[in-house]
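S.K.: Mind having a look at this structure? Questions to follow.
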Amino acid sequence: MRWMRGGWTPAAIVYLVLAIAGLVGTWTFNVIAIVEQRDFLGEWFGSGPSVGSLGVDLGVVAIAAVVFMIAEAARLGMRRVWVYIVVVPFVAMAFGFPLFLCARERHLERDRRHAATQPVS
């Protein structure tokens with residue numbers, strides 16, 4: 001399939017779509033908070049125990065995802081993993097993590113194609 005030449009597997013496309021949804025979804029609310037001059041972190045952690053629980057839940061998942069991103073990038077020999085990590089606090093985990101997974105899937109697909117073209121010794 002021609003579209004898979006660049007490593008665009010169905011999984012990579014799904015991850016990219018999720019990254020775009022995460023970017024649009026989170027930044028829609030972020031822009032509203034900025035325009036309304038809201039206390040973003042204060043509201044996130046100070047709006048009651050259920051919102052605080054959600055904040056801790058997402059924070060722990062974000063840390064686990066960053067650790068995974070670093071370890072997986074090192075294991076696969078992926079470069080510039082720091083870009084995805086910087087995206088997390090400045091854009092959103094809902095964008096950065098699926099974007100990393102998209103890049104990872106494309107990297108794996110390139111490795112699979114490269115291995116398939118190597119002669120068997």
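Identifiers in this document derive from the order of the structure tokens: chains are assigned A, B, ..., residues are numbered from 1 separately in each chain, and ligands are numbered from 1 in order of occurrence.
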Please tabulate, as a Markdown table, the residues of segment 3-30 of chain A that come within 6 Å of segment 90-106 of chain A, each with its closest pair of atoms and the distance in Å to one decimal, counting only C-alpha atoms and ordering rows by chain, then residue number upward.
M.R.:
| residue | atom | partner | partner_atom | distance |
| --- | --- | --- | --- | --- |
| A:Gly7 | CA | A:Arg106 | CA | 4.3 |
| A:Ala12 | CA | A:Cys102 | CA | 4.5 |
| A:Tyr15 | CA | A:Pro98 | CA | 5.0 |
| A:Leu16 | CA | A:Cys102 | CA | 5.8 |
| A:Ala19 | CA | A:Phe95 | CA | 4.3 |
| A:Gly22 | CA | A:Ala94 | CA | 4.5 |
| A:Leu23 | CA | A:Phe95 | CA | 5.0 |
S.K.: Since we have the selection now, will you write its residues out, keeping N, CA and C atoms, as a compact mmCIF listing (two decimals), in the first residue's frame?
M.R.:
# COMPACT_ATOMS: atom_id res chain seq x y z
N GLY A 7 5.35 5.11 6.68
CA GLY A 7 5.11 4.59 8.01
C GLY A 7 3.72 4.89 8.54
N ALA A 12 -0.98 4.42 13.38
CA ALA A 12 -0.37 5.75 13.38
C ALA A 12 -1.42 6.81 13.07
N TYR A 15 -3.64 7.32 16.14
CA TYR A 15 -2.94 8.12 17.15
C TYR A 15 -2.89 9.59 16.75
N LEU A 16 -2.67 9.86 15.46
CA LEU A 16 -2.63 11.25 15.01
C LEU A 16 -4.00 11.91 15.16
N ALA A 19 -4.44 12.71 18.73
CA ALA A 19 -3.63 13.87 19.11
C ALA A 19 -4.31 15.16 18.69
N GLY A 22 -7.21 15.76 20.95
CA GLY A 22 -6.71 16.23 22.24
C GLY A 22 -6.29 17.68 22.19
N LEU A 23 -5.65 18.08 21.11
CA LEU A 23 -5.22 19.47 20.95
C LEU A 23 -6.42 20.40 20.88
S.K.: Pick out each residue of segment 25-63 of chain A that DSSP on the backbone tags as alpha helix (DSSP H); I need them as a PyMOL selection string.
M.R.: chain A and resi 25-35+40-46+49-63
S.K.: Write the selection just made, keeping C-alpha atoms, as a PDB file, in the first residue's frame?
M.R.:
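Saved to out_27.pdb:
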ATOM      1  CA  GLY A  25     -10.476  19.692  22.830  1.00  0.00           C
ATOM      2  CA  THR A  26      -8.087  20.905  25.513  1.00  0.00           C
ATOM      3  CA  TRP A  27      -7.193  24.207  23.892  1.00  0.00           C
ATOM      4  CA  THR A  28     -10.825  25.116  23.322  1.00  0.00           C
ATOM      5  CA  PHE A  29     -11.253  25.136  27.104  1.00  0.00           C
ATOM      6  CA  ASN A  30      -7.813  26.676  27.711  1.00  0.00           C
ATOM      7  CA  VAL A  31      -8.624  29.625  25.452  1.00  0.00           C
ATOM      8  CA  ILE A  32     -11.955  30.114  27.227  1.00  0.00           C
ATOM      9  CA  ALA A  33     -10.132  30.086  30.592  1.00  0.00           C
ATOM     10  CA  ILE A  34      -7.569  32.614  29.326  1.00  0.00           C
ATOM     11  CA  VAL A  35     -10.192  34.936  27.835  1.00  0.00           C
ATOM     12  CA  PHE A  40      -6.663  27.535  35.777  1.00  0.00           C
ATOM     13  CA  LEU A  41      -4.656  25.565  38.352  1.00  0.00           C
ATOM     14  CA  GLY A  42      -6.633  26.939  41.263  1.00  0.00           C
ATOM     15  CA  GLU A  43      -9.861  25.711  39.727  1.00  0.00           C
ATOM     16  CA  TRP A  44      -8.328  22.384  38.747  1.00  0.00           C
ATOM     17  CA  PHE A  45      -7.100  21.538  42.240  1.00  0.00           C
ATOM     18  CA  GLY A  46      -9.345  23.718  44.390  1.00  0.00           C
ATOM     19  CA  PRO A  49     -12.428  16.587  46.154  1.00  0.00           C
ATOM     20  CA  SER A  50     -13.731  15.059  42.905  1.00  0.00           C
ATOM     21  CA  VAL A  51     -11.862  17.578  40.756  1.00  0.00           C
ATOM     22  CA  GLY A  52      -8.784  17.157  42.979  1.00  0.00           C
ATOM     23  CA  SER A  53      -9.035  13.402  42.497  1.00  0.00           C
ATOM     24  CA  LEU A  54      -9.182  13.892  38.735  1.00  0.00           C
ATOM     25  CA  GLY A  55      -6.128  16.163  38.921  1.00  0.00           C
ATOM     26  CA  VAL A  56      -4.106  13.581  40.848  1.00  0.00           C
ATOM     27  CA  ASP A  57      -5.331  10.816  38.536  1.00  0.00           C
ATOM     28  CA  LEU A  58      -4.274  12.691  35.398  1.00  0.00           C
ATOM     29  CA  GLY A  59      -1.022  13.849  36.987  1.00  0.00           C
ATOM     30  CA  VAL A  60       0.065  10.314  37.835  1.00  0.00           C
ATOM     31  CA  VAL A  61      -0.900   9.067  34.366  1.00  0.00           C
ATOM     32  CA  ALA A  62       1.033  11.969  32.803  1.00  0.00           C
ATOM     33  CA  ILE A  63       4.165  11.095  34.786  1.00  0.00           C
TER      34      ILE A  63
END
S.K.: As an exercise, work out the distance from atom CA of Val67 of chain A to atom CA of Ile85 of chain A in Å and give it to one decimal place.
M.R.: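 Going from atom CA of Val67 of chain A over to atom CA of Ile85 of chain A, I get 9.6 Å.
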S.K.: Give me, as CSV, the closest atom pair and its distance (Å, one decimal) for every residue of segment 6-82 of chain A within a cut-off of 8 Å of segment 109-119 of chain A, counting only C-alpha atoms, rows sorted by chain and rising number.
M.R.:
residue,atom,partner,partner_atom,distance
A:Gly6,CA,A:Arg110,CA,7.6
A:Gly7,CA,A:Glu109,CA,5.2
A:Trp8,CA,A:Glu109,CA,7.9
A:Thr9,CA,A:Glu109,CA,7.3
S.K.: For C-alpha atoms, I'd like the residues from the last selection saved as a compact mmCIF listing (two decimals), in the first residue's frame.
M.R.:
# COMPACT_ATOMS: atom_id res chain seq x y z
CA GLY A 6 6.00 6.81 5.07
CA GLY A 7 5.11 4.59 8.01
CA TRP A 8 1.47 5.71 8.09
CA THR A 9 -0.09 2.53 9.43
S.K.: For each of A:His107, A:Ala65, A:Val17, A:Gln37, take the minimum atom-to-atom distance to Arg79 of chain A, counting only C-alpha atoms, then give the residue where this is smallest.
M.R.: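 Using only C-alpha atoms, the shortest distance to Arg79 of chain A belongs to A:His107.
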S.K.: So, counting only C-alpha atoms, which residue among A:Leu108, A:Val88, A:Val24, A:Gly48 is closest to Ala73 of chain A?
M.R.: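 Using only C-alpha atoms, Ala73 of chain A sits closest to A:Leu108.
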S.K.: Take atom CA of Glu72 of chain A and atom CA of Ala21 of chain A and report the distance between them in Å, one decimal.
M.R.: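 One can read the atom CA of Glu72 of chain A to atom CA of Ala21 of chain A distance as 23.5 Å.
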